[in-house]
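K.L.:
Input structure: query.txt, which contains compact mmCIF, C-alpha atoms.
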```txt
# COMPACT_ATOMS: atom_id res chain seq x y z
CA MET B 1 0.00 0.00 0.00
CA VAL B 2 1.00 3.64 -0.46
CA ASP B 3 0.64 6.09 2.44
CA ILE B 4 -1.01 9.31 1.27
CA ARG B 5 -0.90 12.50 3.30
CA GLY B 6 -4.37 14.00 3.51
CA GLY B 7 -5.33 17.54 2.66
CA SER B 8 -7.84 19.77 0.96
CA PHE B 9 -8.66 19.70 -2.75
CA ARG B 10 -11.26 20.89 -5.22
CA MET B 11 -13.56 17.92 -5.83
CA GLY B 12 -15.68 17.56 -8.95
CA SER B 13 -15.84 19.34 -12.30
CA GLU B 14 -18.12 21.85 -14.03
CA GLU B 15 -16.81 20.99 -17.52
CA PHE B 16 -18.14 17.53 -18.32
CA TYR B 17 -21.11 15.63 -16.81
CA PRO B 18 -23.82 17.02 -14.48
CA ASP B 19 -23.23 14.47 -11.71
CA GLU B 20 -19.69 15.81 -11.22
CA ARG B 21 -21.13 19.08 -9.89
CA PRO B 22 -20.87 21.16 -7.82
CA VAL B 23 -17.14 21.71 -7.55
CA HIS B 24 -16.41 22.15 -3.86
CA ASP B 25 -13.63 22.06 -1.30
CA ARG B 26 -13.19 18.61 0.25
CA VAL B 27 -10.84 17.53 3.02
CA VAL B 28 -9.51 13.98 3.41
CA ALA B 29 -7.49 12.63 6.31
CA ASP B 30 -4.28 10.63 5.93
CA PHE B 31 -4.95 7.19 4.46
CA ALA B 32 -3.27 4.32 2.62
CA LEU B 33 -4.32 2.92 -0.74
CA ASP B 34 -3.35 -0.22 -2.63
CA ARG B 35 -0.67 0.53 -5.22
CA TYR B 36 -2.54 -1.65 -7.74
CA ALA B 37 -6.08 -2.88 -8.26
CA VAL B 38 -6.68 -6.33 -6.78
CA THR B 39 -5.52 -8.88 -9.34
CA ASN B 40 -6.88 -12.26 -10.35
CA ALA B 41 -3.99 -13.84 -8.43
CA GLY B 42 -4.88 -11.89 -5.29
CA PHE B 43 -8.56 -12.71 -5.51
CA ALA B 44 -7.81 -16.38 -6.16
CA ALA B 45 -5.79 -16.48 -2.93
CA PHE B 46 -8.76 -14.99 -1.06
CA VAL B 47 -11.18 -17.56 -2.51
CA ALA B 48 -8.77 -20.41 -1.75
CA ALA B 49 -8.48 -19.26 1.87
CA THR B 50 -12.16 -18.62 2.51
CA GLY B 51 -14.24 -20.60 0.00
CA TYR B 52 -16.07 -17.37 -0.87
CA VAL B 53 -18.65 -17.51 -3.67
CA THR B 54 -19.13 -14.28 -5.60
CA VAL B 55 -22.48 -12.71 -6.42
CA ALA B 56 -22.10 -13.64 -10.11
CA GLU B 57 -21.75 -17.31 -9.15
CA ARG B 58 -25.02 -17.40 -7.20
CA PRO B 59 -28.42 -18.10 -8.79
CA LEU B 60 -30.61 -15.05 -9.21
CA ASP B 61 -33.46 -14.65 -6.74
CA PRO B 62 -36.77 -15.14 -8.63
CA ALA B 63 -38.50 -12.83 -6.14
CA GLY B 64 -36.57 -9.93 -7.61
CA PHE B 65 -37.60 -10.75 -11.18
CA PRO B 66 -41.29 -11.68 -11.13
CA ASP B 67 -41.74 -11.34 -14.90
CA VAL B 68 -38.85 -13.60 -15.95
CA TYR B 69 -39.14 -17.32 -16.63
CA LEU B 70 -37.45 -19.52 -13.99
CA SER B 71 -35.19 -21.11 -16.62
CA SER B 72 -33.40 -17.76 -16.94
CA PHE B 73 -32.07 -17.68 -13.39
CA ALA B 74 -28.74 -19.41 -13.96
CA PRO B 75 -25.78 -17.54 -12.43
CA GLY B 76 -23.99 -15.14 -14.76
CA ALA B 77 -22.91 -11.59 -15.40
CA LEU B 78 -22.63 -8.87 -18.04
CA VAL B 79 -19.98 -9.23 -20.75
CA PHE B 80 -18.82 -6.52 -23.14
CA THR B 81 -19.07 -7.57 -26.79
CA PRO B 82 -17.82 -5.25 -29.56
CA THR B 83 -20.30 -4.54 -32.33
CA GLN B 84 -19.63 -5.17 -36.02
CA GLY B 85 -19.74 -1.47 -36.88
CA PRO B 86 -21.23 1.90 -35.90
CA VAL B 87 -24.37 1.77 -33.74
CA ASP B 88 -26.63 4.15 -31.86
CA LEU B 89 -24.55 5.03 -28.79
CA SER B 90 -27.64 5.77 -26.75
CA GLU B 91 -28.49 2.05 -26.58
CA TRP B 92 -25.95 0.27 -24.37
CA ARG B 93 -27.61 -3.14 -24.80
CA GLN B 94 -26.01 -3.38 -28.24
CA TRP B 95 -22.59 -4.05 -26.69
CA TRP B 96 -23.49 -5.58 -23.32
CA ARG B 97 -24.95 -9.08 -23.03
CA TRP B 98 -25.89 -11.31 -20.12
CA VAL B 99 -23.81 -14.51 -20.19
CA ALA B 100 -24.70 -17.48 -18.01
CA GLY B 101 -21.60 -18.79 -16.30
CA ALA B 102 -19.62 -15.54 -16.53
CA CYS B 103 -17.79 -14.86 -13.26
CA TRP B 104 -14.41 -13.77 -11.95
CA TYR B 105 -12.51 -16.88 -13.10
CA ALA B 106 -14.38 -17.09 -16.44
CA PRO B 107 -14.92 -13.37 -17.20
CA GLU B 108 -16.42 -13.85 -20.66
CA GLY B 109 -18.37 -16.97 -19.72
CA PRO B 110 -17.82 -20.72 -20.24
CA GLY B 111 -14.64 -21.42 -22.18
CA SER B 112 -12.91 -18.22 -21.07
CA SER B 113 -10.17 -18.25 -18.46
CA ILE B 114 -7.86 -16.10 -16.36
CA GLU B 115 -4.99 -18.57 -16.75
CA HIS B 116 -2.87 -16.05 -18.64
CA ARG B 117 -4.34 -13.01 -16.89
CA MET B 118 -3.32 -13.56 -13.29
CA GLN B 119 -1.76 -10.09 -13.08
CA HIS B 120 -4.78 -8.38 -14.64
CA PRO B 121 -7.30 -6.76 -12.30
CA VAL B 122 -10.03 -9.14 -11.21
CA VAL B 123 -13.39 -8.32 -12.83
CA GLN B 124 -16.98 -9.54 -12.58
CA ILE B 125 -16.91 -8.23 -9.02
CA ALA B 126 -20.07 -6.94 -7.30
CA PHE B 127 -19.94 -4.53 -4.36
CA GLU B 128 -20.41 -7.29 -1.77
CA ASP B 129 -17.49 -9.22 -3.25
CA ALA B 130 -15.17 -6.23 -3.02
CA ALA B 131 -16.24 -5.30 0.50
CA THR B 132 -15.86 -8.91 1.72
CA TYR B 133 -12.36 -9.19 0.27
CA ALA B 134 -11.37 -5.87 1.85
CA ALA B 135 -12.56 -6.99 5.29
CA TRP B 136 -10.68 -10.30 4.93
CA ALA B 137 -7.51 -8.35 4.10
CA GLY B 138 -7.95 -6.09 7.14
CA LYS B 139 -8.76 -3.12 4.93
CA ARG B 140 -11.81 -1.35 3.51
CA LEU B 141 -12.97 0.21 0.26
CA PRO B 142 -11.92 3.82 -0.38
CA THR B 143 -14.42 6.64 -0.20
CA GLU B 144 -15.17 8.54 -3.39
CA ALA B 145 -13.28 11.57 -2.06
CA GLU B 146 -10.21 9.49 -1.19
CA TYR B 147 -10.21 7.91 -4.61
CA GLU B 148 -10.49 11.21 -6.45
CA TYR B 149 -7.83 12.82 -4.25
CA ALA B 150 -5.44 9.94 -4.91
CA ALA B 151 -6.24 9.82 -8.64
CA ARG B 152 -5.43 13.51 -9.03
CA GLY B 153 -1.91 12.83 -7.82
CA GLY B 154 -1.44 16.45 -6.83
CA TYR B 155 -2.81 17.89 -10.09
CA ASP B 156 -5.61 19.70 -8.30
CA GLY B 157 -7.99 21.59 -10.58
CA LEU B 158 -6.80 19.99 -13.84
CA PRO B 159 -9.17 17.74 -15.81
CA TYR B 160 -6.88 14.74 -16.26
CA ALA B 161 -4.76 12.80 -13.80
CA TRP B 162 -1.64 13.83 -15.73
CA GLY B 163 -2.53 17.43 -16.60
CA ALA B 164 -4.63 19.49 -18.98
CA VAL B 165 -4.95 17.26 -22.06
CA PRO B 166 -6.17 13.68 -22.55
CA TYR B 167 -3.21 12.42 -24.60
CA PRO B 168 0.06 14.23 -23.77
CA ASP B 169 2.39 14.14 -26.77
CA GLY B 170 -0.23 12.07 -28.55
CA ARG B 171 0.23 9.09 -26.20
CA ALA B 172 -2.29 7.29 -23.99
CA ARG B 173 -1.43 7.44 -20.30
CA ALA B 174 -3.97 4.79 -19.29
CA ASN B 175 -5.78 1.78 -20.71
CA THR B 176 -8.74 3.50 -22.38
CA TRP B 177 -10.53 3.06 -25.71
CA LEU B 178 -8.61 4.35 -28.71
CA GLY B 179 -10.60 4.39 -31.93
CA ARG B 180 -14.33 4.35 -32.67
CA PHE B 181 -16.53 2.95 -29.90
CA PRO B 182 -17.81 0.20 -29.62
CA TYR B 183 -16.36 -1.61 -32.64
CA ASP B 184 -12.86 -0.30 -33.45
CA ASN B 185 -10.23 -0.36 -30.70
CA ARG B 186 -6.66 0.41 -31.73
CA GLY B 187 -5.23 0.57 -28.24
CA ARG B 188 -2.26 -1.34 -26.92
CA PHE B 189 -4.42 -4.04 -25.29
CA GLY B 190 -7.52 -3.86 -27.46
CA ALA B 191 -10.96 -4.11 -25.86
CA ASN B 192 -9.71 -5.78 -22.70
CA THR B 193 -7.98 -5.22 -19.40
CA SER B 194 -4.22 -4.84 -19.16
CA PRO B 195 -1.84 -6.21 -16.53
CA VAL B 196 -1.68 -3.89 -13.53
CA GLY B 197 1.19 -1.43 -13.76
CA SER B 198 1.28 -1.40 -17.58
CA TYR B 199 1.09 2.40 -17.63
CA PRO B 200 3.08 4.98 -15.65
CA ALA B 201 2.35 5.53 -11.96
CA ASN B 202 1.02 8.90 -10.85
CA GLU B 203 2.87 11.30 -8.57
CA TYR B 204 1.85 9.27 -5.51
CA GLY B 205 3.25 6.04 -6.95
CA LEU B 206 -0.22 4.59 -7.64
CA PHE B 207 -1.04 2.67 -10.82
CA ASP B 208 -4.19 2.50 -12.96
CA LEU B 209 -6.41 4.76 -10.87
CA ILE B 210 -7.52 5.98 -14.28
CA GLY B 211 -8.57 3.51 -16.97
CA ASN B 212 -8.31 -0.30 -17.09
CA VAL B 213 -11.30 -0.99 -14.79
CA TRP B 214 -13.87 1.07 -12.96
CA GLU B 215 -13.36 0.62 -9.21
CA TRP B 216 -15.90 0.38 -6.39
CA THR B 217 -15.97 3.01 -3.65
CA SER B 218 -17.88 2.85 -0.38
CA ASP B 219 -20.08 5.86 -1.20
CA PHE B 220 -23.70 5.63 -2.23
CA TYR B 221 -24.25 7.31 -5.59
CA THR B 222 -26.20 10.55 -5.77
CA SER B 223 -27.06 12.48 -8.93
CA ARG B 224 -24.89 15.38 -7.76
CA HIS B 225 -22.23 15.84 -5.10
CA VAL B 226 -23.45 16.17 -1.55
CA VAL B 227 -21.33 18.97 -0.11
CA PRO B 228 -20.25 18.32 3.50
CA GLY B 229 -22.07 20.57 5.92
CA SER B 230 -24.96 21.23 3.54
CA THR B 231 -28.45 21.23 5.05
CA GLY B 232 -30.42 20.43 1.91
CA ILE B 233 -32.63 17.40 1.40
CA GLU B 234 -29.71 15.32 0.08
CA ALA B 235 -27.51 15.80 3.12
CA GLY B 236 -26.69 12.88 5.41
CA PRO B 237 -26.02 9.14 4.99
CA ARG B 238 -29.68 8.08 5.10
CA ALA B 239 -30.63 10.64 2.47
CA ASN B 240 -27.74 9.43 0.33
CA LEU B 241 -29.12 5.89 0.55
CA LEU B 242 -32.60 7.07 -0.38
CA SER B 243 -31.16 8.97 -3.33
CA ALA B 244 -29.27 5.87 -4.41
CA LEU B 245 -32.53 3.93 -4.43
CA ASN B 246 -34.67 6.61 -6.02
CA SER B 247 -32.21 7.50 -8.79
CA GLU B 248 -33.04 4.25 -10.59
CA PRO B 249 -36.83 3.97 -11.03
CA GLY B 250 -38.25 0.57 -10.09
CA SER B 251 -35.06 -0.63 -8.42
CA SER B 252 -34.77 -1.77 -4.81
CA THR B 253 -30.99 -2.16 -5.03
CA PRO B 254 -28.81 0.74 -3.83
CA ARG B 255 -26.23 2.10 -6.21
CA ARG B 256 -22.63 2.83 -5.27
CA THR B 257 -20.18 5.18 -6.93
CA LEU B 258 -17.57 3.81 -9.31
CA LYS B 259 -14.45 5.84 -10.01
CA GLY B 260 -11.58 5.89 -12.46
CA GLY B 261 -13.07 4.93 -15.81
CA SER B 262 -12.13 1.78 -17.71
CA TYR B 263 -10.79 0.36 -20.96
CA LEU B 264 -14.20 1.17 -22.46
CA CYS B 265 -13.95 4.93 -21.87
CA SER B 266 -13.76 6.72 -25.21
CA PRO B 267 -13.89 10.44 -26.07
CA ASP B 268 -16.71 9.78 -28.54
CA TYR B 269 -18.87 7.99 -25.97
CA CYS B 270 -17.70 8.08 -22.34
CA LEU B 271 -15.12 10.76 -21.56
CA ARG B 272 -14.74 9.52 -18.01
CA PHE B 273 -11.07 8.62 -17.76
CA ARG B 274 -10.66 11.59 -15.40
CA PRO B 275 -10.37 11.90 -11.59
CA ALA B 276 -13.66 13.82 -11.25
CA ALA B 277 -15.67 11.34 -13.30
CA ARG B 278 -18.06 9.03 -11.52
CA SER B 279 -20.57 6.35 -12.46
CA PRO B 280 -23.53 4.72 -10.66
CA GLN B 281 -23.64 0.95 -10.32
CA ALA B 282 -26.17 -1.31 -8.61
CA GLU B 283 -24.50 -3.16 -5.75
CA ASP B 284 -25.46 -6.58 -7.16
CA THR B 285 -24.12 -6.03 -10.68
CA ALA B 286 -20.84 -7.48 -11.98
CA THR B 287 -19.33 -6.77 -15.39
CA THR B 288 -16.13 -7.29 -17.37
CA HIS B 289 -14.95 -3.73 -16.64
CA ILE B 290 -15.48 -3.39 -12.87
CA GLY B 291 -12.84 -4.22 -10.26
CA PHE B 292 -11.57 -2.64 -7.05
CA ARG B 293 -8.68 -1.84 -4.73
CA CYS B 294 -8.53 -1.39 -0.96
CA ALA B 295 -7.80 1.44 1.43
CA ARG B 296 -6.92 1.71 5.09
```
Is it possible to give me this structure as structure tokens?

P.N.:
Amino acid sequence: MVDIRGGSFRMGSEEFYPDERPVHDRVVADFALDRYAVTNAGFAAFVAATGYVTVAERPLDPAGFPDVYLSSFAPGALVFTPTQGPVDLSEWRQWWRWVAGACWYAPEGPGSSIEHRMQHPVVQIAFEDAATYAAWAGKRLPTEAEYEYAARGGYDGLPYAWGAVPYPDGRARANTWLGRFPYDNRGRFGANTSPVGSYPANEYGLFDLIGNVWEWTSDFYTSRHVVPGSTGIEAGPRANLLSALNSEPGSSTPRRTLKGGSYLCSPDYCLRFRPAARSPQAEDTATTHIGFRCAR
């Protein structure tokens, strides 16, 4: 882990997506953060020691899906699948599909393997999986503020973790989508994860806080930042939970905040490979572009 001295920084952004607002002063205390995202090798050691079964490996609860036939409740998860060509980018179902049998050790479903990806970040991880691993390791998940503070690496107020432009000297500084999304990826690792540490560390000595995989934080997601000390309706942990439930109509599953962006972030679709960027994710959902790291 890397020890990070706390301090004050300007959290959020007014330049990109509405949920990154308002920009406000945020203070974080001293903390430590894993140098890398948890890898397949690390998660395999946890499973071997505990016998833990991830959310994606458990059958779905029919009570939560009253309109779905029982034959559809085999365990599985969401898998990214490139399209054959240009598509309507407002319809995400064209590149995401539910695959029975997809889980952390078979990320793309039956027949796939992590055998040659042991140093890649573990994926197909739901919030419960990440939190359980963190507790086993004597750690916890980072808060959203801690994650953003660490991802900025001292570049407070600048849009990217490395400065003012997305591709300094025309080079990618993280594993993100290069080309036309979601069918043409010309990046170093294609439409997939990369081994941890494949790109330069930031000023704190931390790797891949931007790109590669989205990472879970402990914070409930709200449609805008809740400024500490505010007295509005969104203030307070309980209100945050209610907002997390209400922000997704018809859902009874809270949503947590993901940070960091992933290998699927592309300027023409998802310009979220930035410290201020954030994304909502239902706690029970696992995909091929979500992983995590731990804090203490």

K.L.:
Determine, counting all atoms listed in the file, which protein, DNA and RNA residues have an atom within 10 Å of an atom of Val87 in chain B; residues of the same chain fewer than 6 positions away are not included. Present the result as a PyMOL selection string.

P.N.:
chain B and resi 94-95+181-183

K.L.:
Neighbours of His120 in chain B within 8 Å (all atoms listed in the file; same-chain residues fewer than 4 positions away dropped), as a ChimeraX atom specification?

P.N.:
/B:39-40,193-196

K.L.:
Excluding same-chain residues fewer than 3 positions from Gly153 in chain B, what lies within 10 Å of it counting all atoms listed in the file, as a list in words?

P.N.:
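The filter keeps Ile4, Glu148, Tyr149, Ala150, Asp156, Tyr160, Ala161, Trp162, Gly163, Ala201, Asn202, Glu203, Tyr204, Gly205, Leu206, Leu209 and Pro275 of chain B.
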
K.L.:
May I ask for the distance between CA of Val27 in chain B and CA of Phe9 in chain B, given in Å to one decimal place?

P.N.:
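Calculated distance between CA of Val27 in chain B and CA of Phe9 in chain B is 6.5 Å.
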
K.L.:
Box for range 134-153 of chain B: with edges along x, y and z, all listed atoms inside and 5 Å added on each side, what are the centre and edge lengths in Å to one decimal, as JSON?

P.N.:
```
{"center_x": -8.5, "center_y": 1.6, "center_z": -0.9, "size_x": 23.3, "size_y": 33.8, "size_z": 26.2}
```

K.L.:
So, with all atoms listed in the file as the atoms that count, which of B:Gly229, B:Gly51, B:Pro267, B:Pro18 lies closest to Gly179 in chain B?

P.N.:
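Selected residue with least distance to Gly179 in chain B: B:Pro267.
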